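Worksheet: the structure to be examined is printed underneath.
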Amino acid sequence: MIKVLFFASLREQLGCDGLEVPADQFASVSELRSQLEGKGDSWRTALSHAQLQVAVNQELASMDAAVHDGDEIAFFPPVTGG
Amino acid sequence: MIKVLFFASLREQLGCDGLEVPADQFASVSELRSQLEGKGDSWRTALSHAQLQVAVNQELASMDAAVHDGDEIAFFPPVTGG
Amino acid sequence: MAVQISISVQAEGFDPGAEYNRLRSENCSDGATAMFVGNVRDFSPDESGQHREVAVLELEHYPGMAESALSAIASQAAERWPLGRVRVIHRYGPLDAGEEIVFVGTTSAHRQAALDACAFIMDFLKSRAPFWKKEVGKGGEAGAWVEARSSDETALKKW
Amino acid sequence: MAVQISISVQAEGFDPGAEYNRLRSENCSDGATAMFVGNVRDFSPDESGQHREVAVLELEHYPGMAESALSAIASQAAERWPLGRVRVIHRYGPLDAGEEIVFVGTTSAHRQAALDACAFIMDFLKSRAPFWKKEVGKGGEAGAWVEARSSDETALKKW
């Protein structure tokens, strides 16, 4: 399984902190993203954000990063700490 | 009169904190410096230091700055505070 | 001598004076200490130049990644400059106007190294550490997420 | 709003934590505070790369000009960056290893302004403020005046 997390405005838009998805349905972050966009209009809108960021196993990654069973994938808007 | 001050290693080399000189004998800092160099070998050596700094009335100045009656002229080595 | 790096991601407040004392404790070889503290402002400029009053800032973070991102940034700074100690604290949760959000402290034998490393850590923290701010107004009205500024991304280019 | 500039040239010690609190007191509009503290190191690298132990640093200054030079530097910083408060403290007299020599603190609505102004003030203070250091070794042997470093003069060029 893949653990998927959402943060900040993205979490609010989706009304969802996170979910688990089977690992065998996609090989990259962008394939995972496409699959999640299929969950409905609010998902498609939120996940199509041009500046969407992704972390794979708690490290910033690009949308074409590979995804493996057991990975933790987090989507979030640009960070604004400090 | 002109008040002349010496600081740090320059003060130690000259064995002198400062002195007063009549105002009518020179028009610029470099003329004052030449006159002071005439006071003896240690003065000539100390005041010929290539990086000698000068302040006129407590502001950094160049050696050709004009000198007027009542001015405070300070000579010192490069500063090392902070 | 190995650099001492200390990272905290915490809800509790911190005392910059105490952090300074810790950076200096038994540390006579580093003559330079640079520190940056970020506090909650009581207003937020919006696009039209109006100032919206802010009563509370909600700081969300990604637990686990927040710590490791800050550690990675501090380690990069320590590779790049001759540092003695690096301390980074970032808070999360609701923070009132005026409260401390972030502390970055660096020590070095060289002032330039301490100051540059402190600025470097703040710049990367702003654009690379997973924290998000939401502003709640004085009337308690629904909060607005703070937008990332392109100037923060631009700031990374100078390093 | 006018910048608040406060300059002290003093023999007494100071507490960086208390200075931080003063910079922040009733100052919710500036989210950024940058600080630099310089302390007496317990050694001094000489030309041959050897480390000489230092027990006491004697700080000489030019009374009157020291204050006005620091004020002028702080004012230049305040003209160049949007600062809220600027605090500069420089000590004189005999200082033991580890003691604080200098404090520069700046506040601003912008972190870059606070950090740059703090670094700017330190750079100009190092090469333009009339203070001189003399090192006294552990055995109390006659002190050596610290030589100015050309890198300090070079540091001014970037501003």
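In the structure tokens, chains take letters A, B, ... by order of appearance, with residues numbered from 1 within each chain and ligands from 1 in the order shown.
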> Do you know which residues are at most 9 Å from Ile73 of chain D counting only C-alpha atoms, after dropping those on the same chain fewer than 5 positions away, and could you put them as a VMD selection string?
Replying inline: chain D and resid 68 78 120 to 121 124 to 125 128 to 129
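Backbone DSSP over chain A yields strand (DSSP E or B) at Ile2, Lys3, Val4, Leu5, Phe6, Gly18, Leu19, Glu20, Val21, Ser28, Gln53, Val54, Ala55, Val56, Glu59, Leu60, Ala61, Ala66, Glu72, Ile73, Ala74, Phe75 and Phe76 of chain A.
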Just to be explicit: take each residue in the selection above, keep N, CA, C and O atoms, and write the result as a compact mmCIF listing (two decimals), in the first residue's frame.
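The resulting part_2.txt:
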# COMPACT_ATOMS: atom_id res chain seq x y z
N ILE A 2 0.28 2.32 -0.52
CA ILE A 2 0.92 3.64 -0.53
C ILE A 2 0.13 4.53 0.41
O ILE A 2 -1.10 4.57 0.34
N LYS A 3 0.84 5.24 1.28
CA LYS A 3 0.18 6.19 2.15
C LYS A 3 0.24 7.57 1.48
O LYS A 3 1.31 8.02 1.10
N VAL A 4 -0.93 8.19 1.32
CA VAL A 4 -0.98 9.51 0.67
C VAL A 4 -1.46 10.54 1.68
O VAL A 4 -2.45 10.30 2.39
N LEU A 5 -0.74 11.66 1.78
CA LEU A 5 -1.08 12.72 2.74
C LEU A 5 -1.33 14.05 2.03
O LEU A 5 -0.74 14.32 0.99
N PHE A 6 -2.22 14.85 2.62
CA PHE A 6 -2.50 16.18 2.08
C PHE A 6 -2.36 17.21 3.20
O PHE A 6 -2.77 16.95 4.34
N GLY A 18 -5.69 12.32 4.41
CA GLY A 18 -4.86 11.32 3.75
C GLY A 18 -5.65 10.06 3.48
O GLY A 18 -6.81 9.94 3.90
N LEU A 19 -5.04 9.16 2.76
CA LEU A 19 -5.72 7.90 2.43
C LEU A 19 -4.66 6.88 2.04
O LEU A 19 -3.48 7.20 1.90
N GLU A 20 -5.10 5.64 1.89
CA GLU A 20 -4.18 4.59 1.47
C GLU A 20 -4.65 4.06 0.12
O GLU A 20 -5.86 3.91 -0.10
N VAL A 21 -3.71 3.81 -0.76
CA VAL A 21 -4.08 3.26 -2.07
C VAL A 21 -3.17 2.06 -2.36
O VAL A 21 -2.03 2.02 -1.90
N SER A 28 4.49 6.13 -10.93
CA SER A 28 5.09 7.44 -10.64
C SER A 28 4.11 8.32 -9.88
O SER A 28 2.90 8.04 -9.83
N GLN A 53 3.11 20.83 -4.74
CA GLN A 53 4.40 20.25 -4.37
C GLN A 53 4.17 18.80 -3.95
O GLN A 53 3.08 18.44 -3.50
N VAL A 54 5.23 18.01 -4.06
CA VAL A 54 5.11 16.62 -3.61
C VAL A 54 6.36 16.20 -2.86
O VAL A 54 7.48 16.65 -3.17
N ALA A 55 6.17 15.40 -1.83
CA ALA A 55 7.30 14.79 -1.12
C ALA A 55 7.12 13.29 -1.15
O ALA A 55 6.01 12.78 -0.96
N VAL A 56 8.20 12.59 -1.47
CA VAL A 56 8.18 11.13 -1.42
C VAL A 56 9.04 10.70 -0.24
O VAL A 56 10.21 11.09 -0.14
N GLU A 59 10.77 13.60 1.53
CA GLU A 59 11.73 14.45 0.83
C GLU A 59 11.07 15.05 -0.40
O GLU A 59 10.37 14.34 -1.13
N LEU A 60 11.33 16.34 -0.64
CA LEU A 60 10.76 16.98 -1.82
C LEU A 60 11.14 16.19 -3.06
O LEU A 60 12.27 15.72 -3.18
N ALA A 61 10.20 16.03 -3.97
CA ALA A 61 10.44 15.22 -5.17
C ALA A 61 9.75 15.88 -6.35
O ALA A 61 8.99 16.84 -6.21
N ALA A 66 9.53 8.06 -9.03
CA ALA A 66 8.97 6.71 -8.96
C ALA A 66 8.29 6.49 -7.61
O ALA A 66 8.66 7.10 -6.61
N GLU A 72 5.51 6.81 1.37
CA GLU A 72 4.61 7.85 1.89
C GLU A 72 4.70 9.04 0.93
O GLU A 72 5.77 9.62 0.75
N ILE A 73 3.59 9.34 0.28
CA ILE A 73 3.56 10.43 -0.71
C ILE A 73 2.71 11.56 -0.15
O ILE A 73 1.56 11.33 0.22
N ALA A 74 3.28 12.76 -0.07
CA ALA A 74 2.52 13.91 0.44
C ALA A 74 2.38 14.98 -0.63
O ALA A 74 3.35 15.30 -1.31
N PHE A 75 1.16 15.49 -0.78
CA PHE A 75 0.91 16.62 -1.69
C PHE A 75 0.60 17.84 -0.83
O PHE A 75 -0.12 17.74 0.17
N PHE A 76 1.11 18.99 -1.27
CA PHE A 76 0.82 20.22 -0.51
C PHE A 76 1.09 21.45 -1.37
O PHE A 76 1.81 21.38 -2.37
> Could you list, as an NGL selection string, every residue of chain A that has an atom within 6 Å of an atom of chain C, counting only C-alpha atoms?
Replying inline: :A and (58 or 78-82)
> Mind pulling up the distance from atom CA of Gly93 of chain C to atom CA of Ser108 of chain D?
Replying inline: 23.9 Å
Should the cut-off be 9 Å, what would the residue list for chain C against chain D look like, counting only C-alpha atoms, as a PDB file with C-alpha atoms, in the first residue's frame?
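Final file, part-v3.pdb:
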ATOM      1  CA  ASP C  15      13.315  32.180  24.756  1.00  0.00           C
ATOM      2  CA  PRO C  16      15.840  33.715  22.338  1.00  0.00           C
ATOM      3  CA  GLY C  17      17.966  34.897  25.276  1.00  0.00           C
ATOM      4  CA  ALA C  18      18.225  31.348  26.619  1.00  0.00           C
ATOM      5  CA  GLU C  19      19.038  30.079  23.115  1.00  0.00           C
ATOM      6  CA  TYR C  20      21.837  32.635  22.859  1.00  0.00           C
ATOM      7  CA  ASN C  21      23.224  31.482  26.215  1.00  0.00           C
ATOM      8  CA  ARG C  24      27.685  30.505  23.824  1.00  0.00           C
ATOM      9  CA  GLU C  26      31.565  26.598  26.780  1.00  0.00           C
ATOM     10  CA  ASN C  27      32.153  28.018  23.330  1.00  0.00           C
ATOM     11  CA  CYS C  28      35.063  30.458  23.564  1.00  0.00           C
ATOM     12  CA  SER C  29      36.501  29.473  20.200  1.00  0.00           C
ATOM     13  CA  ASP C  30      33.650  30.981  18.166  1.00  0.00           C
ATOM     14  CA  GLY C  31      33.778  34.766  18.399  1.00  0.00           C
ATOM     15  CA  ALA C  32      30.719  35.285  16.199  1.00  0.00           C
ATOM     16  CA  THR C  33      27.051  34.516  16.859  1.00  0.00           C
ATOM     17  CA  ALA C  34      24.324  35.410  14.359  1.00  0.00           C
ATOM     18  CA  MET C  35      20.648  34.994  15.159  1.00  0.00           C
ATOM     19  CA  PHE C  36      17.362  35.510  13.409  1.00  0.00           C
ATOM     20  CA  VAL C  37      13.961  35.470  15.074  1.00  0.00           C
ATOM     21  CA  GLY C  38      10.664  35.560  13.205  1.00  0.00           C
ATOM     22  CA  ASN C  39       7.564  36.794  15.068  1.00  0.00           C
ATOM     23  CA  VAL C  40       3.860  36.918  14.220  1.00  0.00           C
ATOM     24  CA  ARG C  41       3.009  40.345  12.816  1.00  0.00           C
ATOM     25  CA  ASP C  42      -0.263  41.978  13.815  1.00  0.00           C
ATOM     26  CA  PHE C  43      -1.171  42.713  10.201  1.00  0.00           C
ATOM     27  CA  ALA C  97       0.466  38.336  17.297  1.00  0.00           C
ATOM     28  CA  GLY C  98       3.943  39.108  18.614  1.00  0.00           C
ATOM     29  CA  GLU C  99       4.831  35.510  19.480  1.00  0.00           C
ATOM     30  CA  GLU C 100       8.036  33.886  18.255  1.00  0.00           C
ATOM     31  CA  ALA C 109      35.089  31.933  14.317  1.00  0.00           C
ATOM     32  CA  ARG C 111      31.410  36.840  11.479  1.00  0.00           C
ATOM     33  CA  GLN C 112      30.731  36.540   7.766  1.00  0.00           C
ATOM     34  CA  ALA C 114      27.881  33.094  10.972  1.00  0.00           C
ATOM     35  CA  LEU C 115      25.819  35.814   9.258  1.00  0.00           C
ATOM     36  CA  ASP C 116      25.748  34.168   5.824  1.00  0.00           C
ATOM     37  CA  CYS C 118      22.011  32.309   9.292  1.00  0.00           C
ATOM     38  CA  ALA C 119      20.595  34.060   6.202  1.00  0.00           C
ATOM     39  CA  MET C 122      16.287  31.256   6.767  1.00  0.00           C
ATOM     40  CA  ASP C 123      16.092  31.471   2.965  1.00  0.00           C
ATOM     41  CA  ALA C 155      16.096  34.560  -2.687  1.00  0.00           C
TER      42      ALA C 155
END
>> I need the alpha helix (DSSP H) residues of chain C per DSSP on the backbone, written as an MDAnalysis selection string.
In response: chainID C and resid 16:24 65:80 111:128 150:155
